[in-house]
$ cat model_11.cif   # mmCIF, C-alpha atoms and all ligand atoms
data_my_file
loop_
_atom_site.label_atom_id
_atom_site.label_comp_id
_atom_site.auth_asym_id
_atom_site.auth_seq_id
_atom_site.Cartn_x
_atom_site.Cartn_y
_atom_site.Cartn_z
CA MET A 577 136.55 108.12 97.21
CA ALA A 578 134.80 111.01 98.93
CA PRO A 579 131.63 109.94 100.75
CA LYS A 580 128.47 110.65 98.84
CA ILE A 581 126.55 113.36 100.65
CA LEU A 582 122.84 113.54 100.05
CA PRO A 583 121.52 117.05 99.56
CA LEU A 584 119.07 118.08 102.28
CA TRP A 585 116.44 118.78 99.68
CA GLY A 586 117.11 115.57 97.79
CA ARG A 587 115.39 112.21 97.98
CA TRP A 588 116.79 109.12 99.51
CA PRO A 589 117.44 106.51 96.87
CA ARG A 590 114.96 103.66 96.97
CA GLY A 591 115.45 100.05 96.07
CA PRO A 592 113.50 98.64 93.15
CA GLU A 593 111.00 97.16 95.62
CA GLY A 594 110.17 100.59 97.04
CA ALA A 595 108.84 100.89 100.56
CA GLY A 596 107.99 97.20 100.66
CA ALA A 597 111.69 96.43 101.03
CA ALA A 598 111.57 97.79 104.55
CA LEU A 599 109.36 94.88 105.51
CA ASP A 600 112.00 92.29 104.75
CA LEU A 601 113.30 92.23 108.29
CA GLY A 602 115.63 89.42 107.40
CA ALA A 603 117.58 91.76 105.11
CA HIS A 604 118.99 93.65 108.10
CA ALA A 605 120.54 90.52 109.53
CA ARG A 606 121.85 89.11 106.26
CA PRO A 607 125.60 89.54 105.63
CA ARG A 608 126.68 91.71 102.73
CA HIS A 609 128.32 89.85 99.87
CA GLY A 610 131.64 88.26 100.80
CA ARG A 611 131.36 88.92 104.53
CA ARG A 612 131.22 86.38 107.35
CA PRO A 613 127.63 85.66 108.51
CA TYR A 614 126.62 87.75 111.49
CA ARG A 615 126.51 85.80 114.73
CA GLU A 616 123.29 85.68 116.72
CA PRO A 617 123.15 88.59 119.15
CA PRO A 618 124.19 87.09 122.50
CA MET A 619 121.95 88.90 124.93
CA VAL A 620 118.55 89.59 123.42
CA HIS A 621 115.90 89.73 126.14
CA PRO A 622 113.74 86.57 125.95
CA VAL A 623 110.57 88.64 125.47
CA PHE A 624 111.94 89.98 122.18
CA ALA A 625 114.19 87.11 121.10
CA ASP A 626 111.66 85.21 119.04
CA LEU A 627 108.94 87.79 118.63
CA PRO A 628 107.54 87.43 115.12
CA VAL A 629 106.66 90.37 112.88
CA THR A 630 103.15 91.54 113.87
CA VAL A 631 100.17 90.18 111.97
CA PHE A 632 99.47 93.75 110.76
CA GLU A 633 102.89 93.95 109.13
CA GLU A 634 102.48 90.47 107.72
CA MET A 635 99.09 91.16 106.14
CA SER A 636 99.98 94.68 104.94
CA GLY A 637 103.20 93.26 103.48
CA LEU A 638 101.25 90.59 101.59
CA ALA A 639 98.72 93.21 100.45
CA ARG A 640 101.52 95.40 99.06
CA GLU A 641 103.34 92.50 97.48
CA LEU A 642 100.21 91.10 95.83
CA GLY A 643 98.49 94.40 95.08
CA ALA A 644 95.55 93.34 97.29
CA ILE A 645 92.92 95.60 98.86
CA ASN A 646 94.05 96.18 102.42
CA LEU A 647 91.26 95.98 105.00
CA GLY A 648 93.81 94.61 107.43
CA GLN A 649 95.78 97.36 109.14
CA GLY A 650 93.64 100.07 110.75
CA PHE A 651 94.32 103.28 108.92
CA PRO A 652 91.93 105.46 106.91
CA ASP A 653 92.22 106.11 103.17
CA ASP A 654 91.56 109.77 103.87
CA GLN A 655 94.62 111.86 104.74
CA GLY A 656 92.98 113.73 107.64
CA PRO A 657 91.67 117.28 108.16
CA ILE A 658 93.48 119.72 105.87
CA ALA A 659 93.25 122.57 108.41
CA LEU A 660 95.34 120.54 110.87
CA ARG A 661 97.85 119.57 108.24
CA ARG A 662 98.21 123.25 107.25
CA LYS A 663 98.68 124.24 110.90
CA ALA A 664 101.38 121.61 111.30
CA GLY A 665 103.09 122.94 108.16
CA GLU A 666 102.91 126.54 109.38
CA ALA A 667 104.22 125.56 112.79
CA LEU A 668 107.08 123.68 111.16
CA ILE A 669 108.15 126.69 109.11
CA GLU A 670 107.30 129.54 111.46
CA GLY A 671 107.33 128.00 114.91
CA SER A 672 110.05 126.51 117.07
CA ASN A 673 111.67 123.27 116.06
CA GLN A 674 113.57 122.88 119.33
CA TYR A 675 112.70 120.70 122.32
CA PRO A 676 109.27 121.58 123.65
CA PRO A 677 108.58 121.12 127.40
CA MET A 678 108.90 117.52 128.57
CA ARG A 679 105.22 117.25 129.53
CA GLY A 680 104.11 118.80 126.22
CA LEU A 681 103.23 122.28 124.89
CA PRO A 682 101.14 124.11 127.54
CA GLN A 683 98.72 125.08 124.78
CA LEU A 684 98.14 121.41 123.90
CA ARG A 685 97.74 120.32 127.52
CA GLN A 686 95.13 123.03 127.97
CA ALA A 687 93.37 121.98 124.78
CA VAL A 688 93.30 118.33 125.95
CA ALA A 689 91.85 119.34 129.33
CA GLY A 690 89.24 121.50 127.58
CA HIS A 691 88.31 118.74 125.14
CA TYR A 692 87.90 116.06 127.81
CA GLY A 693 85.99 118.53 130.00
CA ARG A 694 83.51 119.29 127.21
CA THR A 695 83.13 115.79 125.81
CA GLN A 696 83.61 113.44 128.80
CA GLY A 697 82.91 115.59 131.87
CA LEU A 698 86.49 115.23 133.17
CA ASP A 699 88.12 117.90 135.30
CA LEU A 700 91.85 117.65 134.54
CA ASP A 701 94.59 120.06 135.60
CA PRO A 702 96.63 120.71 132.42
CA ASP A 703 99.82 121.39 134.37
CA ARG A 704 99.74 118.45 136.75
CA GLU A 705 97.51 115.80 135.17
CA ILE A 706 98.33 115.71 131.45
CA ILE A 707 101.48 114.54 129.64
CA VAL A 708 101.85 114.60 125.87
CA THR A 709 103.52 111.49 124.47
CA SER A 710 104.67 110.17 121.10
CA GLY A 711 101.47 108.27 120.43
CA ALA A 712 99.49 106.01 122.71
CA THR A 713 102.20 103.39 122.25
CA GLU A 714 104.72 105.50 124.12
CA ALA A 715 102.08 106.34 126.74
CA LEU A 716 101.52 102.60 127.31
CA ALA A 717 105.27 101.99 127.61
CA ALA A 718 105.62 104.85 130.12
CA ALA A 719 102.71 103.48 132.16
CA PHE A 720 104.03 99.91 132.24
CA LEU A 721 107.64 100.91 132.95
CA SER A 722 106.75 103.29 135.75
CA LEU A 723 103.97 101.30 137.44
CA ILE A 724 105.01 97.64 137.21
CA SER A 725 107.67 96.08 139.44
CA PRO A 726 108.93 92.55 138.76
CA GLY A 727 106.37 89.99 139.95
CA ASP A 728 103.39 92.36 139.98
CA GLU A 729 100.27 90.80 138.52
CA VAL A 730 98.60 92.60 135.64
CA VAL A 731 95.03 91.80 134.56
CA LEU A 732 94.48 92.04 130.80
CA PHE A 733 91.53 91.18 128.58
CA GLN A 734 91.86 89.02 125.48
CA PRO A 735 91.57 89.84 122.62
CA LEU A 736 94.46 92.20 123.35
CA TYR A 737 96.23 94.88 121.38
CA ASP A 738 99.55 93.37 120.34
CA ALA A 739 101.81 95.81 122.21
CA TYR A 740 100.47 95.04 125.69
CA LEU A 741 101.89 91.64 126.52
CA PRO A 742 105.51 92.14 125.40
CA MET A 743 105.66 95.48 127.19
CA VAL A 744 104.04 94.20 130.39
CA ARG A 745 106.35 91.17 130.42
CA ARG A 746 109.45 93.29 129.70
CA ALA A 747 108.54 95.44 132.69
CA GLY A 748 108.47 92.29 134.83
CA GLY A 749 104.69 91.98 135.08
CA VAL A 750 102.92 88.64 135.35
CA PRO A 751 99.88 88.66 133.03
CA ARG A 752 96.53 87.34 134.30
CA LEU A 753 94.28 87.00 131.27
CA VAL A 754 90.51 87.29 131.02
CA ARG A 755 89.12 85.68 127.87
CA LEU A 756 86.36 87.63 126.12
CA THR A 757 84.36 85.97 123.36
CA PRO A 758 81.95 86.99 120.61
CA PRO A 759 79.29 88.10 120.06
CA HIS A 760 79.24 90.39 123.15
CA TRP A 761 82.85 90.28 124.34
CA ARG A 762 81.72 91.06 127.91
CA PHE A 763 83.20 90.16 131.30
CA ASP A 764 81.38 89.40 134.54
CA GLN A 765 81.96 89.11 138.28
CA ALA A 766 83.15 85.48 138.13
CA MET A 767 85.69 86.25 135.41
CA LEU A 768 87.15 89.09 137.46
CA GLU A 769 87.10 87.06 140.71
CA ALA A 770 89.22 84.44 138.90
CA VAL A 771 92.08 86.83 138.11
CA PHE A 772 92.11 89.60 140.74
CA SER A 773 94.06 88.98 143.95
CA GLU A 774 96.16 90.80 146.53
CA LYS A 775 99.01 90.60 144.00
CA THR A 776 97.10 92.57 141.34
CA LYS A 777 98.87 95.83 140.66
CA LEU A 778 97.40 96.92 137.34
CA VAL A 779 94.49 96.23 135.07
CA VAL A 780 94.63 97.19 131.40
CA LEU A 781 91.34 98.03 129.74
CA ASN A 782 90.88 98.91 126.09
CA SER A 783 87.49 100.47 125.34
CA PRO A 784 86.26 100.87 122.65
CA LEU A 785 87.92 97.54 122.07
CA ASN A 786 90.17 96.82 119.12
CA PRO A 787 89.56 94.35 117.43
CA ALA A 788 86.05 93.58 118.74
CA GLY A 789 84.60 97.03 118.03
CA VAL A 790 82.61 97.04 121.28
CA VAL A 791 82.20 99.90 123.71
CA THR A 792 82.36 98.47 127.25
CA PRO A 793 78.89 98.94 128.81
CA ASP A 794 78.63 101.18 131.89
CA GLU A 795 77.57 98.19 133.98
CA ASP A 796 80.84 96.37 133.20
CA LEU A 797 82.89 99.52 133.80
CA ALA A 798 81.22 99.93 137.23
CA LEU A 799 82.06 96.31 138.07
CA LEU A 800 85.69 96.75 137.06
CA ALA A 801 85.93 99.98 139.06
CA GLU A 802 84.68 98.11 142.15
CA PHE A 803 87.41 95.49 141.70
CA CYS A 804 90.10 98.15 141.24
CA VAL A 805 89.03 99.87 144.46
CA ARG A 806 88.65 96.59 146.39
CA PHE A 807 92.11 95.32 145.36
CA ASP A 808 93.80 98.73 145.36
CA ALA A 809 94.75 98.28 141.70
CA THR A 810 95.53 100.96 139.14
CA ALA A 811 93.70 100.94 135.79
CA VAL A 812 95.56 101.72 132.58
CA CYS A 813 92.77 102.68 130.19
CA ASP A 814 93.64 102.61 126.53
CA GLU A 815 90.95 104.88 125.12
CA VAL A 816 92.50 105.62 121.73
CA TRP A 817 89.17 104.90 120.01
CA GLU A 818 87.13 107.18 122.30
CA ALA A 819 86.15 109.60 119.50
CA VAL A 820 85.14 106.81 117.11
CA VAL A 821 81.82 105.59 118.55
CA PHE A 822 78.59 105.08 116.64
CA ASP A 823 74.79 105.03 116.85
CA GLY A 824 74.59 107.86 119.39
CA ARG A 825 76.79 106.08 121.96
CA ALA A 826 78.93 108.18 124.29
CA HIS A 827 82.35 107.08 125.45
CA ARG A 828 82.48 106.93 129.24
CA PRO A 829 85.99 106.87 130.76
CA LEU A 830 86.59 104.49 133.69
CA MET A 831 88.23 107.48 135.37
CA THR A 832 84.79 109.01 136.03
CA PHE A 833 83.59 106.09 138.21
CA PRO A 834 83.66 106.44 142.01
CA GLY A 835 87.15 106.13 143.48
CA MET A 836 88.79 105.88 140.04
CA HIS A 837 90.21 109.35 139.31
CA GLU A 838 93.15 108.80 141.66
CA ARG A 839 93.86 105.27 140.37
CA THR A 840 93.42 105.59 136.60
CA VAL A 841 95.83 106.32 133.78
CA LYS A 842 93.76 107.43 130.80
CA ILE A 843 95.48 107.18 127.42
CA GLY A 844 94.36 109.00 124.26
CA SER A 845 95.69 109.30 120.72
CA ALA A 846 95.36 112.33 118.44
CA GLY A 847 96.28 110.03 115.56
CA LYS A 848 93.00 108.19 116.08
CA MET A 849 90.95 111.27 116.99
CA PHE A 850 91.86 113.01 113.75
CA GLY A 851 92.38 109.98 111.51
CA MET A 852 96.10 110.61 110.99
CA THR A 853 97.63 107.47 112.40
CA GLY A 854 101.19 108.42 111.47
CA TRP A 855 101.18 111.51 113.65
CA LYS A 856 101.90 109.66 116.86
CA VAL A 857 100.74 112.30 119.31
CA GLY A 858 99.23 110.76 122.43
CA PHE A 859 98.12 111.84 125.91
CA LEU A 860 98.53 110.43 129.40
CA CYS A 861 95.99 111.73 131.91
CA ALA A 862 96.35 110.83 135.60
CA ALA A 863 96.15 112.35 139.07
CA PRO A 864 99.33 114.26 140.03
CA PRO A 865 101.14 111.51 142.02
CA LEU A 866 100.62 109.00 139.19
CA ALA A 867 101.43 111.63 136.55
CA ARG A 868 104.78 112.33 138.25
CA ALA A 869 105.71 108.64 137.97
CA LEU A 870 104.55 108.51 134.34
CA ALA A 871 106.56 111.65 133.50
CA SER A 872 109.69 110.08 135.00
CA ALA A 873 109.45 107.21 132.51
CA HIS A 874 108.36 109.44 129.60
CA GLN A 875 111.39 111.72 130.03
CA PHE A 876 113.72 108.82 129.25
CA LEU A 877 111.62 107.22 126.52
CA THR A 878 111.12 110.05 124.04
CA PHE A 879 111.29 113.11 126.35
CA THR A 880 109.18 115.10 123.87
CA THR A 881 107.02 114.90 120.76
CA PRO A 882 107.47 117.08 117.61
CA PRO A 883 106.26 120.59 118.52
CA ASN A 884 104.64 121.33 115.17
CA LEU A 885 102.36 118.30 115.46
CA GLN A 886 101.53 119.24 119.05
CA ALA A 887 100.56 122.77 117.94
CA ALA A 888 98.33 121.41 115.18
CA VAL A 889 96.59 118.96 117.52
CA ALA A 890 96.00 121.80 120.01
CA PHE A 891 94.37 123.78 117.21
CA GLY A 892 92.22 120.78 116.22
CA LEU A 893 90.99 120.28 119.78
CA GLU A 894 90.34 123.98 120.36
CA GLU A 895 88.55 124.57 117.06
CA PRO A 896 87.17 121.24 115.95
CA GLY A 897 84.16 122.66 114.09
CA ASP A 898 81.87 119.69 113.47
CA TRP A 899 84.75 117.19 113.26
CA PHE A 900 83.76 115.15 116.31
CA THR A 901 80.28 114.51 114.93
CA ALA A 902 81.03 114.45 111.18
CA MET A 903 83.99 112.05 111.49
CA PRO A 904 82.12 109.25 113.35
CA ALA A 905 79.04 109.85 111.19
CA GLY A 906 81.11 109.28 108.04
CA LEU A 907 82.69 106.16 109.48
CA GLN A 908 79.32 104.85 110.63
CA ARG A 909 78.14 105.18 107.04
CA SER A 910 81.16 103.18 105.85
CA ARG A 911 80.54 100.56 108.54
CA ASP A 912 76.94 100.22 107.39
CA ARG A 913 77.96 99.95 103.74
CA LEU A 914 80.47 97.20 104.44
CA ALA A 915 78.07 95.38 106.79
CA ALA A 916 75.22 95.49 104.25
CA GLY A 917 77.46 94.21 101.43
CA LEU A 918 78.83 91.40 103.56
CA ARG A 919 75.38 90.34 104.78
CA GLU A 920 74.13 90.27 101.22
CA ALA A 921 77.07 88.06 100.32
CA GLY A 922 76.03 85.63 103.08
CA PHE A 923 78.45 86.62 105.85
CA ALA A 924 77.39 86.79 109.50
CA VAL A 925 78.50 90.22 110.69
CA LEU A 926 79.03 91.07 114.38
CA ASP A 927 77.94 94.43 115.86
CA SER A 928 80.46 97.26 115.80
CA GLY A 929 79.77 100.14 118.18
CA GLY A 930 83.13 101.88 117.72
CA THR A 931 86.67 101.76 116.20
CA TYR A 932 87.42 101.34 112.48
CA PHE A 933 86.58 97.64 112.61
CA LEU A 934 83.81 95.25 111.72
CA ASN A 935 84.06 91.53 112.48
CA VAL A 936 82.76 88.57 110.57
CA ASP A 937 81.87 85.32 112.34
CA LEU A 938 83.23 82.72 109.94
CA THR A 939 81.51 79.72 111.53
CA ALA A 940 78.12 81.45 111.49
CA SER A 941 78.87 82.38 107.86
CA GLY A 942 79.16 78.70 106.99
CA ILE A 943 82.95 78.78 106.64
CA ASP A 944 84.64 75.82 108.25
CA GLU A 945 88.18 77.15 108.14
CA PRO A 946 90.27 78.79 110.90
CA ASP A 947 90.49 82.60 110.65
CA ARG A 948 94.20 82.65 109.80
CA ALA A 949 93.84 80.11 107.00
CA PHE A 950 90.87 82.03 105.59
CA ALA A 951 92.77 85.35 105.82
CA LEU A 952 95.80 83.92 104.01
CA ARG A 953 93.61 82.41 101.30
CA ALA A 954 91.66 85.66 100.95
CA VAL A 955 94.77 87.76 100.43
CA ARG A 956 96.71 85.28 98.27
CA GLU A 957 93.92 83.99 96.07
CA HIS A 958 91.30 86.74 96.12
CA GLY A 959 93.28 89.95 96.71
CA VAL A 960 91.82 91.19 99.98
CA ALA A 961 93.73 91.47 103.25
CA ALA A 962 92.05 91.13 106.65
CA ILE A 963 93.22 90.36 110.18
CA PRO A 964 92.49 87.01 111.89
CA VAL A 965 91.25 87.85 115.40
CA SER A 966 93.06 84.79 116.84
CA ALA A 967 96.23 86.92 116.56
CA PHE A 968 94.90 89.03 119.45
CA TYR A 969 94.91 86.07 121.87
CA ALA A 970 97.94 84.82 123.78
CA GLU A 971 96.20 81.57 124.74
CA ASP A 972 93.01 79.66 124.02
CA ALA A 973 92.30 81.80 120.95
CA VAL A 974 88.93 82.45 119.36
CA THR A 975 89.68 81.22 115.82
CA ASN A 976 86.54 81.96 113.85
CA VAL A 977 86.47 85.75 113.62
CA LEU A 978 87.92 87.97 110.92
CA ARG A 979 88.54 91.72 111.44
CA LEU A 980 87.94 94.15 108.56
CA CYS A 981 88.81 97.85 108.55
CA PHE A 982 86.00 99.95 107.05
CA ALA A 983 87.76 103.35 107.16
CA LYS A 984 88.06 103.17 103.37
CA ALA A 985 86.49 104.72 100.27
CA ASP A 986 83.14 103.27 99.11
CA ASP A 987 84.55 101.71 95.94
CA VAL A 988 87.30 100.02 97.94
CA LEU A 989 84.75 98.55 100.36
CA ASP A 990 82.52 97.38 97.49
CA ALA A 991 85.40 95.72 95.68
CA ALA A 992 86.51 94.05 98.93
CA VAL A 993 83.01 92.60 99.45
CA GLU A 994 83.00 91.15 95.94
CA ARG A 995 86.35 89.50 96.52
CA LEU A 996 85.41 88.18 99.95
CA ALA A 997 82.22 86.73 98.47
CA ARG A 998 84.41 84.78 96.05
CA ALA A 999 86.65 83.61 98.90
CA LYS A 1000 83.56 82.29 100.69
C1 LIG B 1 94.02 99.73 121.14
C2 LIG B 1 95.14 100.53 120.59
N1 LIG B 1 96.05 101.06 121.42
C3 LIG B 1 97.09 101.79 120.95
C4 LIG B 1 97.27 102.02 119.61
C5 LIG B 1 98.44 102.81 119.15
O1 LIG B 1 98.14 104.17 119.09
P1 LIG B 1 99.22 105.23 118.58
O2 LIG B 1 99.30 105.11 117.11
O3 LIG B 1 98.71 106.56 119.05
O4 LIG B 1 100.53 104.87 119.24
C6 LIG B 1 96.34 101.46 118.71
C7 LIG B 1 96.52 101.62 117.26
O5 LIG B 1 95.85 101.02 116.46
C8 LIG B 1 95.25 100.72 119.21
O6 LIG B 1 94.33 100.17 118.39
#
$ encode --input "model_11.cif" --output "structure tokens"
Amino acid sequence: MAPKILPLWGRWPRGPEGAGAALDLGAHARPRHGRRPYREPPMVHPVFADLPVTVFEEMSGLARELGAINLGQGFPDDQGPIALRRKAGEALIEGSNQYPPMRGLPQLRQAVAGHYGRTQGLDLDPDREIIVTSGATEALAAAFLSLISPGDEVVLFQPLYDAYLPMVRRAGGVPRLVRLTPPHWRFDQAMLEAVFSEKTKLVVLNSPLNPAGVVTPDEDLALLAEFCVRFDATAVCDEVWEAVVFDGRAHRPLMTFPGMHERTVKIGSAGKMFGMTGWKVGFLCAAPPLARALASAHQFLTFTTPPNLQAAVAFGLEEPGDWFTAMPAGLQRSRDRLAAGLREAGFAVLDSGGTYFLNVDLTASGIDEPDRAFALRAVREHGVAAIPVSAFYAEDAVTNVLRLCFAKADDVLDAAVERLARAK
């Protein structure tokens, strides 16, 4: 029989379960009817051999399966600025769809330099200090692969974004973990003294911090900068939430502290800046010698990023209108709405100075149940998905905090509060 060819303008057939089917990772390994079972792959790297599906996938999967409200995974309900989406569409039809330059469209690199100059006081050379990547995730991978040699020690702060540890370990790094705790999630001199040594090669800082929603205070940044200089360590700064800060706060990059420009890799994400998390356009900013190393890894990871999305992001950064004030103002309003509803329902809510996330202290709310158990009960029995913050710890987890995403429509937030009140 001739192979069935799908027309280019057609739709791929979908299983009866729709997109949710993609989540059943087991399906890929299951033999088709009548075939011998597949054998275990013989040489999976130990870092990835038993890695479970992320908690975000797990909770979003349950939310889809059960028709629950999803305040788990961090993505907005809103589809993002229409002007940028139009630009991307125009660029797709009228612009080039061939490989753009490896370091990114010159127009986008200039727009990134201009944006960071205006908003964060950075002086970046678009040709030598900026590389466009396929999201912050690729930027992180390029940084870890190019800067870590086997045995190098890497200082990381828990709670940590789930991609860090597997990638650091795969690159051969030896993690040295600092444990941050609520309500302030701050570090101090003694905590840094305990992990920094002559073997420290890198430190990974995420500020504003997902999941805690805190913006690292200047005093703590200054302390960390001192340690980086003293131990000749490089800082990988995951600043994807830099544009999402509230209550008049300003994001201050570690790169601006004395001695840090030459030893910092600053990572940004247009997906977060413009609330279009699927776009996966990120930026690496670093002094030229570091940027050369980062580019060497980037060229063999993805090499480039879709040119139409790059063009649209350049447009958004060059002509943002009031986006960078209106967007955080709208989110701040949503944060306040969710916080007020939760407080009224008797929950103890922690401060959120940035990101899409608000945290609830379960113990202080009178709930004597670990975060994961509460989250599973909330999604299964009450139809609202959230993320247990313990999932962001590799060891000695904080187990009484629940993360909720407030980048949602008012009625969704209100309904979620009602359901959470019942779960309480
Ligand atoms: C702290 C942090 N780093 C990196 C990422 C990934 O960013 P991107 O989607 O640009 O790869 C996220 C996404 O939520 C994040 O919260």
$ residues_near_ligand --input "model_11.cif" --ligand "ligand LIG 1 (chain B)" --cutoff "7 Å" --atoms "all atoms listed in the file" --output "number ranges by chain"
A: 650, 710-714, 737, 782, 785-786, 814, 816, 845-848, 853-854, 856-858
$ residues_around --input "model_11.cif" --residues "Ala921 (chain A)" --least-positions-apart "6" --cutoff "12 Å" --atoms "all atoms listed in the file" --output "PyMOL selection string"
chain A and resi 914-915+936+941-942+990+992-1000
$ residues_around --input "model_11.cif" --residues "Ala970 (chain A)" --least-positions-apart "3" --cutoff "9 Å" --atoms "all atoms listed in the file" --output "list in words"
Gln734, Pro735, Leu736, Leu741, Leu753, Ser966, Ala967 and Ala973 of chain A
$ residues_around --input "model_11.cif" --residues "Gly693 (chain A)" --least-positions-apart "4" --cutoff "12 Å" --atoms "all atoms listed in the file" --output "list in words"
Gln686, Ala687, Val688, Ala689, Gly697, Leu698, Asp699, Leu700, Asp701, Pro702, Pro829, Thr832, Leu893 and Glu894 of chain A
$ closest_residue --input "model_11.cif" --among "A:Ala961, A:Leu768, A:Val988, A:Ala798" --to "Ser636 (chain A)" --atoms "all atoms listed in the file"
A:Ala961
$ closest_residue --input "model_11.cif" --among "A:Asp794, A:Asn673, A:Val889, A:Pro896" --to "Arg661 (chain A)" --atoms "only C-alpha atoms"
A:Val889
$ axis_aligned_box --input "model_11.cif" --around "region 733-750 of chain A" --padding-each-side "8 Å" --output "lines of an AutoDock Vina configuration file"
center_x = 100.5
center_y = 92.2
center_z = 127.8
size_x = 33.9
size_y = 23.2
size_z = 31.0
$ closest_residue --input "model_11.cif" --among "A:Ala869, A:Ala739, A:Ala664, A:Val629" --to "Ala718 (chain A)" --atoms "all atoms listed in the file"
A:Ala869
$ atom_distance --input "model_11.cif" --atom1 "CA of Ala862 (chain A)" --atom2 "CA of Leu799 (chain A)"
20.5 Å
$ atom_distance --input "model_11.cif" --atom1 "CA of Lys842 (chain A)" --atom2 "CA of Thr931 (chain A)"
17.2 Å
$ atom_distance --input "model_11.cif" --atom1 "CA of Phe850 (chain A)" --atom2 "CA of Phe632 (chain A)"
20.9 Å
$ closest_residue --input "model_11.cif" --among "A:Cys804, A:Met852, A:Met836, A:Ala951" --to "Gln655 (chain A)" --atoms "only C-alpha atoms"
A:Met852
$ closest_residue --input "model_11.cif" --among "A:Asp986, A:Thr901, A:Leu866, A:Val841" --to "Ala826 (chain A)" --atoms "all atoms listed in the file"
A:Thr901
$ residues_around --input "model_11.cif" --residues "Leu778 (chain A)" --least-positions-apart "2" --cutoff "8 Å" --atoms "all atoms listed in the file" --output "MDAnalysis selection string"
chainID A and resid 723:724 728:731 776 780 809:812
$ residues_around --input "model_11.cif" --residues "Ala770 (chain A)" --least-positions-apart "3" --cutoff "12 Å" --atoms "only C-alpha atoms" --output "PDB file with C-alpha atoms, in the coordinates of the input"
ATOM      1  CA  VAL A 731      95.030  91.800 134.560  1.00  0.00           C
ATOM      2  CA  ARG A 752      96.530  87.340 134.300  1.00  0.00           C
ATOM      3  CA  LEU A 753      94.280  87.000 131.270  1.00  0.00           C
ATOM      4  CA  VAL A 754      90.510  87.290 131.020  1.00  0.00           C
ATOM      5  CA  ARG A 755      89.120  85.680 127.870  1.00  0.00           C
ATOM      6  CA  PHE A 763      83.200  90.160 131.300  1.00  0.00           C
ATOM      7  CA  ASP A 764      81.380  89.400 134.540  1.00  0.00           C
ATOM      8  CA  GLN A 765      81.960  89.110 138.280  1.00  0.00           C
ATOM      9  CA  ALA A 766      83.150  85.480 138.130  1.00  0.00           C
ATOM     10  CA  MET A 767      85.690  86.250 135.410  1.00  0.00           C
ATOM     11  CA  SER A 773      94.060  88.980 143.950  1.00  0.00           C
ATOM     12  CA  THR A 776      97.100  92.570 141.340  1.00  0.00           C
ATOM     13  CA  PHE A 803      87.410  95.490 141.700  1.00  0.00           C
TER      14      PHE A 803
END
$ closest_residue --input "model_11.cif" --among "A:Ala719, A:Leu732, A:Ala905, A:Leu781" --to "Arg825 (chain A)" --atoms "all atoms listed in the file"
A:Ala905
$ build_atoms --input "model_11.cif" --residues "region 862-873 of chain A" --atoms "N, CA and C atoms" --output "PDB file, keeping the file's coordinate frame"
ATOM      1  N   ALA A 862      96.359 111.535 134.308  1.00  0.00           N
ATOM      2  CA  ALA A 862      96.350 110.830 135.600  1.00  0.00           C
ATOM      3  C   ALA A 862      96.482 111.856 136.716  1.00  0.00           C
ATOM      4  N   ALA A 863      96.019 111.476 137.900  1.00  0.00           N
ATOM      5  CA  ALA A 863      96.150 112.350 139.070  1.00  0.00           C
ATOM      6  C   ALA A 863      97.629 112.655 139.311  1.00  0.00           C
ATOM      7  N   PRO A 864      97.941 113.812 139.956  1.00  0.00           N
ATOM      8  CA  PRO A 864      99.330 114.260 140.030  1.00  0.00           C
ATOM      9  C   PRO A 864     100.358 113.233 140.536  1.00  0.00           C
ATOM     10  N   PRO A 865     100.079 112.451 141.599  1.00  0.00           N
ATOM     11  CA  PRO A 865     101.140 111.510 142.020  1.00  0.00           C
ATOM     12  C   PRO A 865     101.441 110.466 140.953  1.00  0.00           C
ATOM     13  N   LEU A 866     100.396 109.964 140.284  1.00  0.00           N
ATOM     14  CA  LEU A 866     100.620 109.000 139.190  1.00  0.00           C
ATOM     15  C   LEU A 866     101.316 109.693 138.026  1.00  0.00           C
ATOM     16  N   ALA A 867     100.857 110.910 137.702  1.00  0.00           N
ATOM     17  CA  ALA A 867     101.430 111.630 136.550  1.00  0.00           C
ATOM     18  C   ALA A 867     102.923 111.873 136.759  1.00  0.00           C
ATOM     19  N   ARG A 868     103.334 112.126 137.999  1.00  0.00           N
ATOM     20  CA  ARG A 868     104.780 112.330 138.250  1.00  0.00           C
ATOM     21  C   ARG A 868     105.563 111.067 137.896  1.00  0.00           C
ATOM     22  N   ALA A 869     105.023 109.912 138.283  1.00  0.00           N
ATOM     23  CA  ALA A 869     105.710 108.640 137.970  1.00  0.00           C
ATOM     24  C   ALA A 869     105.745 108.429 136.451  1.00  0.00           C
ATOM     25  N   LEU A 870     104.623 108.702 135.794  1.00  0.00           N
ATOM     26  CA  LEU A 870     104.550 108.510 134.340  1.00  0.00           C
ATOM     27  C   LEU A 870     105.549 109.427 133.627  1.00  0.00           C
ATOM     28  N   ALA A 871     105.645 110.683 134.120  1.00  0.00           N
ATOM     29  CA  ALA A 871     106.560 111.650 133.500  1.00  0.00           C
ATOM     30  C   ALA A 871     108.004 111.199 133.665  1.00  0.00           C
ATOM     31  N   SER A 872     108.299 110.540 134.789  1.00  0.00           N
ATOM     32  CA  SER A 872     109.690 110.080 135.000  1.00  0.00           C
ATOM     33  C   SER A 872     110.081 109.065 133.937  1.00  0.00           C
ATOM     34  N   ALA A 873     109.133 108.188 133.563  1.00  0.00           N
ATOM     35  CA  ALA A 873     109.450 107.210 132.510  1.00  0.00           C
ATOM     36  C   ALA A 873     109.453 107.902 131.145  1.00  0.00           C
TER      37      ALA A 873
END
